[in-house]
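Undergrad: Sending over work_21.txt (compact mmCIF, C-alpha atoms (C1' of nucleotides)).
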# COMPACT_ATOMS: atom_id res chain seq x y z
CA MET N 106 31.97 100.44 3.58
CA ASP N 107 28.83 100.26 5.66
CA GLU N 108 28.25 97.36 8.04
CA GLN N 109 24.94 96.47 6.42
CA ASP N 110 26.65 96.14 3.06
CA THR N 111 29.23 93.76 4.43
CA GLY N 112 26.43 91.76 6.00
CA MET N 113 24.52 91.52 2.74
CA LYS N 114 27.68 90.60 0.90
CA VAL N 115 28.18 87.73 3.32
CA VAL N 116 24.57 86.64 2.87
CA HIS N 117 25.03 86.48 -0.85
CA LEU N 118 28.31 84.62 -0.50
CA LEU N 119 26.66 82.03 1.71
CA ARG N 120 23.84 81.58 -0.76
CA ALA N 121 26.25 81.34 -3.65
CA ILE N 122 28.27 78.71 -1.80
CA THR N 123 25.10 76.76 -1.12
CA VAL N 124 24.12 76.87 -4.77
CA GLU N 125 27.55 75.69 -5.86
CA LEU N 126 27.65 72.88 -3.33
CA ASP N 127 24.25 71.74 -4.58
CA ARG N 128 25.54 71.78 -8.12
CA ILE N 129 28.57 69.73 -7.09
CA GLY N 130 26.29 67.22 -5.41
CA GLU N 131 24.23 66.96 -8.57
CA ARG N 132 27.32 66.46 -10.67
CA PHE N 133 28.48 63.73 -8.33
CA ALA N 134 25.05 62.14 -8.62
CA GLY N 135 25.07 62.25 -12.41
CA LEU N 136 28.56 60.77 -12.59
CA HIS N 137 27.61 57.72 -10.57
CA ALA N 138 24.09 57.00 -11.79
CA LEU N 139 22.56 58.36 -8.60
CA HIS N 140 19.72 60.79 -8.04
CA PRO N 141 20.25 63.88 -5.89
CA THR N 142 18.07 62.26 -3.27
CA ASP N 143 20.35 59.23 -3.22
CA VAL N 144 23.35 61.45 -2.54
CA ARG N 145 21.52 63.13 0.31
CA ALA N 146 20.66 59.71 1.65
CA LEU N 147 24.28 58.58 1.50
CA ILE N 148 25.42 61.73 3.31
CA CYS N 149 22.81 61.09 5.94
CA LEU N 150 23.86 57.46 6.38
CA LEU N 151 27.54 58.37 6.54
CA ASP N 152 26.77 61.02 9.17
CA ALA N 153 24.95 58.42 11.23
CA ALA N 154 27.79 55.95 10.82
CA ARG N 155 30.36 58.56 11.86
CA ALA N 156 28.26 59.38 14.92
CA GLY N 157 27.94 55.70 15.72
CA LEU N 158 24.14 55.82 15.51
CA PRO N 159 22.15 52.96 13.99
CA ALA N 160 20.52 53.93 10.69
CA THR N 161 17.06 52.64 9.79
CA PRO N 162 14.72 53.32 6.87
CA GLY N 163 12.36 55.19 9.17
CA MET N 164 15.02 57.60 10.37
CA LEU N 165 16.31 58.06 6.84
CA GLY N 166 12.90 58.82 5.39
CA ALA N 167 12.17 61.36 8.13
CA ARG N 168 15.53 63.04 7.55
CA LEU N 169 14.98 63.27 3.80
CA GLY N 170 11.35 64.28 4.03
CA LEU N 171 10.16 61.21 2.11
CA ASN N 172 7.25 58.98 2.92
CA SER N 173 7.76 55.29 3.50
CA ALA N 174 7.22 54.31 -0.13
CA GLY N 175 9.80 56.75 -1.37
CA THR N 176 12.21 55.71 1.35
CA THR N 177 11.96 52.08 0.32
CA ALA N 178 12.66 53.11 -3.26
CA VAL N 179 15.79 55.06 -2.31
CA ILE N 180 17.16 52.16 -0.31
CA ASP N 181 16.32 49.74 -3.11
CA ARG N 182 18.35 51.84 -5.54
CA LEU N 183 21.33 52.19 -3.22
CA GLU N 184 21.24 48.50 -2.38
CA ARG N 185 21.04 47.52 -6.05
CA LEU N 186 24.17 49.62 -6.67
CA GLY N 187 25.90 47.92 -3.76
CA HIS N 188 26.29 51.06 -1.66
CA VAL N 189 24.21 49.97 1.34
CA ARG N 190 23.11 46.68 2.87
CA ARG N 191 19.91 45.84 4.75
CA GLU N 192 20.20 43.77 7.90
CA ARG N 193 17.42 42.75 10.27
CA ASP N 194 18.00 44.08 13.76
CA SER N 195 18.37 40.97 15.90
CA GLY N 196 17.13 42.85 18.97
CA ASP N 197 13.96 44.39 17.52
CA ARG N 198 13.10 42.22 14.54
CA ARG N 199 10.69 44.77 13.07
CA ARG N 200 13.60 47.05 12.31
CA VAL N 201 16.02 46.98 9.42
CA LEU N 202 19.50 48.39 9.96
CA LEU N 203 21.26 50.09 7.09
CA THR N 204 25.01 49.86 6.75
CA VAL N 205 27.01 51.70 4.11
CA GLU N 206 29.49 49.57 2.22
CA GLU N 207 33.15 50.46 2.00
CA SER N 208 32.66 51.25 -1.68
CA ALA N 209 30.30 54.10 -0.87
CA VAL N 210 32.66 55.65 1.63
CA ALA N 211 35.54 55.46 -0.80
CA LEU N 212 33.33 56.85 -3.53
CA GLY N 213 32.44 59.87 -1.45
CA TRP N 214 36.04 60.58 -0.53
CA SER N 215 37.26 60.20 -4.08
CA PHE N 216 34.87 62.92 -5.16
CA PHE N 217 34.65 65.27 -2.18
CA GLY N 218 38.12 64.63 -0.81
CA PRO N 219 39.89 67.21 -2.98
CA LEU N 220 37.28 69.83 -2.17
CA ILE N 221 37.55 69.13 1.55
CA HIS N 222 41.30 69.30 1.31
CA GLU N 223 41.02 72.64 -0.43
CA ILE N 224 38.85 74.12 2.30
CA VAL N 225 41.18 72.81 4.99
CA THR N 226 44.02 74.47 3.11
CA ILE N 227 42.12 77.75 2.97
CA MET N 228 41.61 77.54 6.72
CA GLY N 229 45.31 76.86 7.15
CA ARG N 230 46.10 80.26 5.65
CA PHE N 231 44.51 81.97 8.66
CA ASP N 232 46.19 82.15 12.04
CA GLU N 233 44.59 80.48 15.04
CA ALA N 234 42.76 83.53 16.32
CA ASP N 235 41.19 84.17 12.92
CA GLN N 236 40.23 80.52 12.57
CA ALA N 237 38.40 80.81 15.86
CA ILE N 238 36.51 83.84 14.55
CA ILE N 239 35.49 82.04 11.38
CA GLU N 240 34.38 79.01 13.32
CA ARG N 241 32.36 81.14 15.70
CA PHE N 242 30.67 82.91 12.81
CA LEU N 243 29.77 79.67 11.07
CA ASN N 244 28.49 78.23 14.31
CA ASP N 245 26.21 81.22 14.81
CA VAL N 246 24.94 81.04 11.25
CA HIS N 247 24.32 77.34 11.61
CA GLU N 248 22.26 77.90 14.72
CA ALA N 249 20.30 80.61 12.94
CA VAL N 250 19.46 78.48 9.92
CA ALA N 251 18.91 75.32 11.97
CA GLN N 252 15.93 76.83 13.75
CA GLY N 253 14.40 77.97 10.50
CA PRO N 254 13.54 81.39 9.14
CA ALA N 255 10.70 83.62 10.28
CA GLY N 256 10.95 82.30 13.79
CA PRO N 257 8.97 79.28 14.98
CA GLU N 258 6.41 79.32 12.19
CA GLU N 259 5.48 75.67 12.61
CA ARG N 260 7.42 72.59 13.52
CA PRO N 261 5.14 69.73 14.58
CA HIS N 262 7.82 67.03 14.95
CA PRO N 263 11.47 68.13 14.88
CA ALA N 264 12.27 65.03 12.84
CA ALA N 265 9.50 64.42 10.31
CA SER N 266 8.64 68.05 9.61
CA ALA N 267 8.96 68.06 5.83
CA SER N 268 6.38 65.35 5.21
CA VAL N 269 3.29 67.56 5.07
CA VAL N 270 3.20 71.32 4.88
CA HIS N 271 0.12 73.49 5.07
CA VAL N 272 -0.40 75.81 2.16
CA HIS N 273 -1.73 79.30 2.68
CA PRO N 274 -3.86 79.74 -0.44
CA GLU N 275 -2.74 83.32 -1.05
CA SER N 276 -0.48 84.73 1.61
CA PRO N 277 -0.21 88.47 0.89
CA PRO N 278 3.49 89.31 0.61
CA VAL N 279 4.73 91.62 3.39
CA MET H 196 43.27 71.68 19.11
CA ASP H 197 44.98 70.73 15.88
CA GLU H 198 44.61 72.89 12.78
CA GLN H 199 43.32 69.99 10.71
CA ASP H 200 40.53 69.42 13.21
CA THR H 201 39.43 73.02 13.02
CA GLY H 202 39.46 72.75 9.25
CA MET H 203 37.29 69.65 9.26
CA LYS H 204 34.94 71.22 11.75
CA VAL H 205 34.50 74.14 9.39
CA VAL H 206 33.89 71.78 6.47
CA HIS H 207 31.15 70.06 8.40
CA LEU H 208 29.63 73.37 9.45
CA LEU H 209 29.53 74.53 5.85
CA ARG H 210 27.88 71.30 4.77
CA ALA H 211 25.38 71.50 7.61
CA ILE H 212 24.53 75.08 6.68
CA THR H 213 24.03 74.02 3.07
CA VAL H 214 21.72 71.20 4.11
CA GLU H 215 19.67 73.53 6.29
CA LEU H 216 19.40 76.22 3.61
CA ASP H 217 18.19 73.55 1.20
CA ARG H 218 15.60 72.45 3.69
CA ILE H 219 14.46 76.05 4.15
CA GLY H 220 14.14 76.42 0.38
CA GLU H 221 12.04 73.28 0.25
CA ARG H 222 9.82 74.54 3.03
CA PHE H 223 9.37 77.82 1.21
CA ALA H 224 8.48 75.87 -1.92
CA GLY H 225 5.92 73.74 -0.12
CA LEU H 226 4.29 76.76 1.50
CA HIS H 227 3.69 78.50 -1.79
CA ALA H 228 2.76 75.59 -4.06
CA LEU H 229 6.14 75.70 -5.78
CA HIS H 230 8.61 72.96 -6.58
CA PRO H 231 12.22 73.23 -5.44
CA THR H 232 13.16 73.80 -9.07
CA ASP H 233 10.77 76.74 -9.25
CA VAL H 234 12.43 78.33 -6.23
CA ARG H 235 15.83 77.90 -7.81
CA ALA H 236 14.47 79.48 -10.95
CA LEU H 237 13.11 82.46 -9.04
CA ILE H 238 16.44 82.96 -7.27
CA CYS H 239 18.16 82.81 -10.63
CA LEU H 240 15.78 85.35 -12.18
CA LEU H 241 16.06 87.68 -9.20
CA ASP H 242 19.85 87.49 -9.40
CA ALA H 243 19.71 88.42 -13.06
CA ALA H 244 17.32 91.27 -12.35
CA ARG H 245 19.55 92.60 -9.57
CA ALA H 246 22.54 92.43 -11.91
CA GLY H 247 20.54 94.20 -14.60
CA LEU H 248 20.98 91.31 -17.04
CA PRO H 249 18.17 90.24 -19.36
CA ALA H 250 16.74 86.84 -18.44
CA THR H 251 15.66 84.40 -21.14
CA PRO H 252 14.39 80.81 -21.04
CA GLY H 253 17.60 79.60 -22.62
CA MET H 254 19.80 81.15 -19.96
CA LEU H 255 17.49 79.95 -17.22
CA GLY H 256 17.43 76.37 -18.47
CA ALA H 257 21.22 76.28 -18.75
CA ARG H 258 21.58 77.67 -15.23
CA LEU H 259 19.19 75.08 -13.78
CA GLY H 260 20.50 72.19 -15.81
CA LEU H 261 17.14 71.59 -17.52
CA ASN H 262 16.53 70.91 -21.17
CA SER H 263 14.27 73.14 -23.18
CA ALA H 264 11.10 71.18 -22.49
CA GLY H 265 11.64 71.28 -18.76
CA THR H 266 12.51 74.96 -18.91
CA THR H 267 9.25 75.74 -20.69
CA ALA H 268 7.38 73.82 -18.02
CA VAL H 269 9.04 75.75 -15.17
CA ILE H 270 8.23 79.08 -16.79
CA ASP H 271 4.66 77.95 -17.48
CA ARG H 272 4.19 77.16 -13.81
CA LEU H 273 5.71 80.43 -12.61
CA GLU H 274 3.71 82.40 -15.13
CA ARG H 275 0.47 80.64 -14.18
CA LEU H 276 1.13 81.65 -10.56
CA GLY H 277 1.75 85.22 -11.65
CA HIS H 278 5.39 85.34 -10.55
CA VAL H 279 6.97 85.97 -13.96
CA ARG H 280 5.87 87.42 -17.29
CA ARG H 281 6.99 86.53 -20.81
CA GLU H 282 7.74 89.34 -23.24
CA ARG H 283 9.04 89.09 -26.80
CA ASP H 284 12.36 90.85 -27.23
CA SER H 285 11.64 93.61 -29.74
CA GLY H 286 15.25 93.62 -30.91
CA ASP H 287 15.74 89.89 -31.52
CA ARG H 288 12.25 88.51 -32.03
CA ARG H 289 13.31 84.90 -31.53
CA ARG H 290 13.96 85.62 -27.87
CA VAL H 291 11.59 85.82 -24.94
CA LEU H 292 12.50 88.03 -22.00
CA LEU H 293 11.44 87.00 -18.51
CA THR H 294 10.58 89.59 -15.90
CA VAL H 295 9.77 88.78 -12.30
CA GLU H 296 6.64 90.39 -10.96
CA GLU H 297 6.62 92.51 -7.83
CA SER H 298 4.67 89.78 -6.06
CA ALA H 299 7.55 87.34 -6.42
CA VAL H 300 10.09 89.77 -5.02
CA ALA H 301 7.85 90.56 -2.07
CA LEU H 302 7.22 86.86 -1.56
CA GLY H 303 10.92 86.12 -1.36
CA TRP H 304 11.57 88.91 1.09
CA SER H 305 8.67 87.95 3.30
CA PHE H 306 10.15 84.51 3.71
CA PHE H 307 13.89 85.03 3.59
CA GLY H 308 13.93 88.55 4.99
CA PRO H 309 14.00 87.51 8.65
CA LEU H 310 16.77 85.00 7.99
CA ILE H 311 18.81 87.59 6.11
CA HIS H 312 18.27 90.05 8.91
CA GLU H 313 19.46 87.47 11.39
CA ILE H 314 22.68 86.86 9.51
CA VAL H 315 23.31 90.58 9.17
CA THR H 316 22.81 90.83 12.92
CA ILE H 317 25.31 88.06 13.52
CA MET H 318 27.80 89.90 11.36
CA GLY H 319 27.13 93.06 13.33
CA ARG H 320 28.41 91.35 16.47
CA PHE H 321 31.92 91.21 14.97
CA ASP H 322 34.15 94.25 14.70
CA GLU H 323 35.23 95.49 11.30
CA ALA H 324 38.54 93.64 11.20
CA ASP H 325 36.86 90.33 12.01
CA GLN H 326 34.14 90.97 9.44
CA ALA H 327 36.86 91.40 6.86
CA ILE H 328 38.37 88.06 7.85
CA ILE H 329 35.03 86.29 7.57
CA GLU H 330 34.36 87.85 4.21
CA ARG H 331 37.79 86.88 2.94
CA PHE H 332 37.28 83.31 4.09
CA LEU H 333 33.88 83.02 2.43
CA ASN H 334 35.26 84.54 -0.74
CA ASP H 335 38.05 81.97 -0.85
CA VAL H 336 35.62 79.11 -0.21
CA HIS H 337 33.31 80.43 -2.89
CA GLU H 338 36.13 80.48 -5.42
CA ALA H 339 37.09 76.95 -4.43
CA VAL H 340 33.60 75.53 -4.85
CA ALA H 341 32.82 77.61 -7.93
CA GLN H 342 35.51 75.91 -9.96
CA GLY H 343 34.28 72.50 -8.90
CA PRO H 344 35.93 69.67 -7.01
CA ALA H 345 38.67 67.40 -8.28
CA GLY H 346 40.04 70.16 -10.46
CA PRO H 347 38.91 70.76 -14.04
CA GLU H 348 37.31 67.36 -14.54
CA GLU H 349 35.15 68.49 -17.43
CA ARG H 350 33.35 71.69 -18.25
CA PRO H 351 32.42 71.89 -21.94
CA HIS H 352 30.39 75.12 -21.78
CA PRO H 353 30.66 77.17 -18.60
CA ALA H 354 26.94 77.85 -18.89
CA ALA H 355 25.16 74.69 -20.02
CA SER H 356 27.38 72.21 -18.21
CA ALA H 357 24.77 70.27 -16.31
CA SER H 358 22.72 69.20 -19.32
CA VAL H 359 24.56 65.99 -20.16
CA VAL H 360 27.14 64.25 -18.00
CA HIS H 361 29.23 61.31 -19.02
CA VAL H 362 28.98 58.32 -16.76
CA HIS H 363 32.02 56.26 -15.94
CA PRO H 364 30.48 52.78 -15.77
CA GLU H 365 32.47 51.80 -12.69
CA SER H 366 35.04 54.34 -11.58
CA PRO H 367 37.18 52.55 -8.99
CA PRO H 368 37.15 54.64 -5.81
CA VAL H 369 40.69 55.61 -4.84
C1' DA W 225 17.56 89.93 -52.88
C1' DG W 226 17.00 85.03 -51.70
C1' DC W 227 18.04 80.72 -49.78
C1' DA W 228 20.74 77.83 -46.41
C1' DA W 229 22.31 77.46 -41.87
C1' DG W 230 22.00 78.66 -37.15
C1' DT W 231 19.50 79.96 -32.88
C1' DA W 232 15.67 80.43 -29.37
C1' DT W 233 11.63 78.59 -27.95
C1' DC W 234 7.73 75.48 -27.80
C1' DT W 235 4.90 70.74 -28.42
C1' DC W 236 4.43 65.71 -27.95
C1' DG W 237 5.02 61.28 -25.83
C1' DC W 238 7.44 58.68 -22.49
C1' DC W 239 9.89 57.38 -17.96
C1' DC W 240 10.42 57.14 -13.25
C1' DA W 241 10.82 59.51 -8.44
C1' DG W 242 7.76 60.32 -4.96
C1' DC W 243 2.93 60.28 -2.90
C1' DG W 244 -1.37 58.21 -0.68
C1' DA W 245 -3.46 54.15 0.77
C1' DG W 246 -3.24 49.90 2.43
C1' DA W 247 -0.84 45.29 3.54
C1' DT W 248 2.31 42.58 6.45
C1' DA W 249 5.11 41.42 10.30
C1' DA W 250 6.89 41.90 14.77
C1' DA W 251 6.92 44.06 19.34
C1' DT W 252 4.16 45.81 23.33
C1' DT W 253 0.16 46.15 26.32
C1' DG W 254 -4.01 44.72 28.90
C1' DC A 175 -3.44 35.65 23.77
C1' DA A 176 -6.28 39.33 21.36
C1' DA A 177 -5.74 44.37 20.53
C1' DT A 178 -2.80 48.04 19.62
C1' DT A 179 1.30 50.21 18.12
C1' DT A 180 5.52 50.44 15.39
C1' DA A 181 8.53 49.54 11.27
C1' DT A 182 8.72 48.41 6.76
C1' DC A 183 7.10 47.12 2.25
C1' DT A 184 3.62 46.78 -2.07
C1' DC A 185 0.39 48.86 -5.40
C1' DG A 186 -1.50 52.35 -8.40
C1' DC A 187 -1.21 57.06 -9.73
C1' DT A 188 0.48 61.94 -10.54
C1' DG A 189 3.54 65.00 -12.56
C1' DG A 190 8.50 66.86 -13.27
C1' DG A 191 11.91 66.27 -16.48
C1' DC A 192 13.91 64.09 -20.86
C1' DG A 193 14.54 63.11 -25.99
C1' DA A 194 12.91 64.13 -30.37
C1' DG A 195 11.01 67.00 -33.38
C1' DA A 196 8.31 71.33 -34.85
C1' DT A 197 8.17 76.36 -35.41
C1' DA A 198 9.66 81.08 -35.89
C1' DC A 199 13.00 84.33 -36.37
C1' DT A 200 17.95 85.99 -37.49
C1' DT A 201 22.25 85.81 -39.87
C1' DG A 202 25.59 84.53 -43.44
C1' DC A 203 26.68 83.39 -48.12
C1' DT A 204 26.48 84.07 -52.98
Will you turn the file into structure tokens for me?
TA:
Amino acid sequence: MDEQDTGMKVVHLLRAITVELDRIGERFAGLHALHPTDVRALICLLDAARAGLPATPGMLGARLGLNSAGTTAVIDRLERLGHVRRERDSGDRRRVLLTVEESAVALGWSFFGPLIHEIVTIMGRFDEADQAIIERFLNDVHEAVAQGPAGPEERPHPAASASVVHVHPESPPV
Amino acid sequence: MDEQDTGMKVVHLLRAITVELDRIGERFAGLHALHPTDVRALICLLDAARAGLPATPGMLGARLGLNSAGTTAVIDRLERLGHVRRERDSGDRRRVLLTVEESAVALGWSFFGPLIHEIVTIMGRFDEADQAIIERFLNDVHEAVAQGPAGPEERPHPAASASVVHVHPESPPV
DNA sequence: AGCAAGTATCTCGCCCAGCGAGATAAATTG
DNA sequence: CAATTTATCTCGCTGGGCGAGATACTTGCT
């Protein structure tokens, strides 16, 4: 087999995995009366919590590519379901801090736990050297996708990039 | 480092890659006056075309988890933009066959081409044995995610699963 | 053949997520 | 302490997607 072919096969596998993970997220959303956006928001808030960073509506909206109105709506929904709580920051009283409730954490684990366990198991079937190779590969891919395709096409603010995007009326393909 | 830790690191990398690929898809959508759903539809149609399978609205709607009304709307939008064409199946005249126009294929490559090239390049930096390991790993992960998390929870029709999902009013989290 | 049942797609009317614009409240600066 | 900046929320609107039903064609039954 040619190296290019293996490369393309890997590209398609990565895309297929992405599609499936999206589908799983949607299923999770449907099962718990959430919208896909709400799930993304929860993931974002849990990431922040794990990293020990304070989560605010502003940061959440930027991360999700929503404007302030939409962000308020997402938080309203999650709060109504009891998954997050708003608290005024006592230091800077303009800010609202978002904390995820225990229920949300448990909810996430109950759904994604088995899948995570499965992937850890798959990793366990490789010896340490091979695990290192896999990790290196994924790291490289992550770096590649993190800086976006087609090189630095445009990235005004690293955080709030998705809010407005210019549209080329008719960009001639290739 | 402990094996579990490496496993979890890989899980987080996979999730991060998924998030970034989603973001890239959204950016692509915004740049070309498409909705995320339209992009997913194009990917789906291109996959079918590459596999040599006939694409119909029914199959597309099932794949995207849309009902028939939504499916019609997606196709209307793509057709209006000149990315797909409807053709009556001469054999079974109830059916409509969808063909993607050259413009759509070129469009996809112009955006995702560089990213694909980058990943192929990354793969090229590994020797053949390591490439095989990476491919095996991704294959295993793909199988794991393809059959969904938490085992066979429910899958009435393998195709049209996402259309209706039962909601447990309050499933107690583990 | 001819009619009932099944299948693939489309039309109509509604709901609600997200957007743009603007309001409010608190911190910072001169 | 007024003016400006920052963080969040409220209001009205657009449009993607849904449920229900219509339409057109195929297949099965007698």
Undergrad: If we count only C-alpha atoms (C1' of nucleotides), what is near stretch 190-195 of chain A at a cut-off of 9 Å, once residues fewer than 3 positions away on the same chain are taken out, given as a list in words?
TA: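 Near neighbours after the sequence-gap exclusion: Leu261, Asn262, Ala264, Gly265 and Ala268 of chain H; DT235, DC236, DC238 and DC239 of chain W.
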Undergrad: Show which residues sit within 10 Å of A:DT178, as a PDB file with C-alpha atoms (C1' of nucleotides), in the frame of the given file. Count all atoms listed in the file, and ignore same-chain residues fewer than 3 positions away.
TA:
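What ended up in result_20.pdb:
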ATOM      1  C1'  DT W 252       4.160  45.810  23.330  1.00  0.00           C
ATOM      2  C1'  DT W 253       0.160  46.150  26.320  1.00  0.00           C
ATOM      3  C1'  DG W 254      -4.010  44.720  28.900  1.00  0.00           C
TER       4       DG W 254
END
Undergrad: Write out as a count of residues only every residue belonging to chain W that has an atom at most 12 Å from any atom of chain N, counting only C-alpha atoms (C1' of nucleotides).
TA: 12
Undergrad: Counting all atoms listed in the file, a student should be able to say which residues of chain A come within 9 Å of chain N; what is the right answer, written as a list in words?
TA: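 Written out as asked, the residues are DT180, DA181, DT182, DC183 and DT184 of chain A.
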Undergrad: Save out the residues we just selected, C-alpha atoms (C1' of nucleotides), as a PDB file, keeping the file's coordinate frame.
TA:
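out30.pdb was written with the following content:
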ATOM      1  C1'  DT A 180       5.520  50.440  15.390  1.00  0.00           C
ATOM      2  C1'  DA A 181       8.530  49.540  11.270  1.00  0.00           C
ATOM      3  C1'  DT A 182       8.720  48.410   6.760  1.00  0.00           C
ATOM      4  C1'  DC A 183       7.100  47.120   2.250  1.00  0.00           C
ATOM      5  C1'  DT A 184       3.620  46.780  -2.070  1.00  0.00           C
TER       6       DT A 184
END
Undergrad: So the first atom is atom CA of H:Val279 and the second is atom CA of H:Ile219; what is the distance between them in Å, to one decimal place?
TA: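 A separation of 22.0 Å between them.
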Undergrad: Mind writing stretch 315-333 of chain H to a file for me, with N, CA and C atoms, as a compact mmCIF listing (two decimals), in the first residue's frame?
TA:
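Below is the file that was written, part_16.txt:
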# COMPACT_ATOMS: atom_id res chain seq x y z
N VAL H 315 -2.01 14.23 5.89
CA VAL H 315 -1.22 13.24 5.14
C VAL H 315 0.26 13.45 5.40
N THR H 316 0.66 14.72 5.47
CA THR H 316 2.06 15.03 5.75
C THR H 316 2.47 14.51 7.12
N ILE H 317 1.59 14.75 8.11
CA ILE H 317 1.88 14.26 9.46
C ILE H 317 2.08 12.76 9.43
N MET H 318 1.20 12.07 8.73
CA MET H 318 1.32 10.62 8.62
C MET H 318 2.64 10.23 7.98
N GLY H 319 3.06 11.03 7.01
CA GLY H 319 4.29 10.72 6.29
C GLY H 319 5.53 10.76 7.18
N ARG H 320 5.39 11.46 8.33
CA ARG H 320 6.55 11.55 9.23
C ARG H 320 6.73 10.28 10.05
N PHE H 321 5.76 9.36 9.98
CA PHE H 321 5.89 8.09 10.71
C PHE H 321 6.32 7.00 9.72
N ASP H 322 7.07 6.03 10.21
CA ASP H 322 7.45 4.94 9.31
C ASP H 322 6.26 3.99 9.16
N GLU H 323 6.40 3.04 8.26
CA GLU H 323 5.25 2.23 7.89
C GLU H 323 4.64 1.47 9.07
N ALA H 324 5.51 0.93 9.92
CA ALA H 324 5.02 0.14 11.06
C ALA H 324 4.17 1.03 11.97
N ASP H 325 4.66 2.24 12.22
CA ASP H 325 3.93 3.15 13.10
C ASP H 325 2.62 3.59 12.47
N GLN H 326 2.64 3.80 11.15
CA GLN H 326 1.40 4.17 10.46
C GLN H 326 0.36 3.08 10.65
N ALA H 327 0.83 1.84 10.59
CA ALA H 327 -0.10 0.72 10.76
C ALA H 327 -0.71 0.75 12.15
N ILE H 328 0.10 1.09 13.14
CA ILE H 328 -0.40 1.15 14.52
C ILE H 328 -1.46 2.24 14.64
N ILE H 329 -1.15 3.40 14.09
CA ILE H 329 -2.10 4.52 14.16
C ILE H 329 -3.41 4.14 13.48
N GLU H 330 -3.28 3.52 12.33
CA GLU H 330 -4.49 3.15 11.59
C GLU H 330 -5.31 2.13 12.38
N ARG H 331 -4.61 1.19 12.99
CA ARG H 331 -5.32 0.17 13.77
C ARG H 331 -6.07 0.84 14.93
N PHE H 332 -5.37 1.74 15.60
CA PHE H 332 -5.99 2.44 16.73
C PHE H 332 -7.25 3.19 16.27
N LEU H 333 -7.13 3.95 15.20
CA LEU H 333 -8.28 4.73 14.75
C LEU H 333 -9.42 3.81 14.32
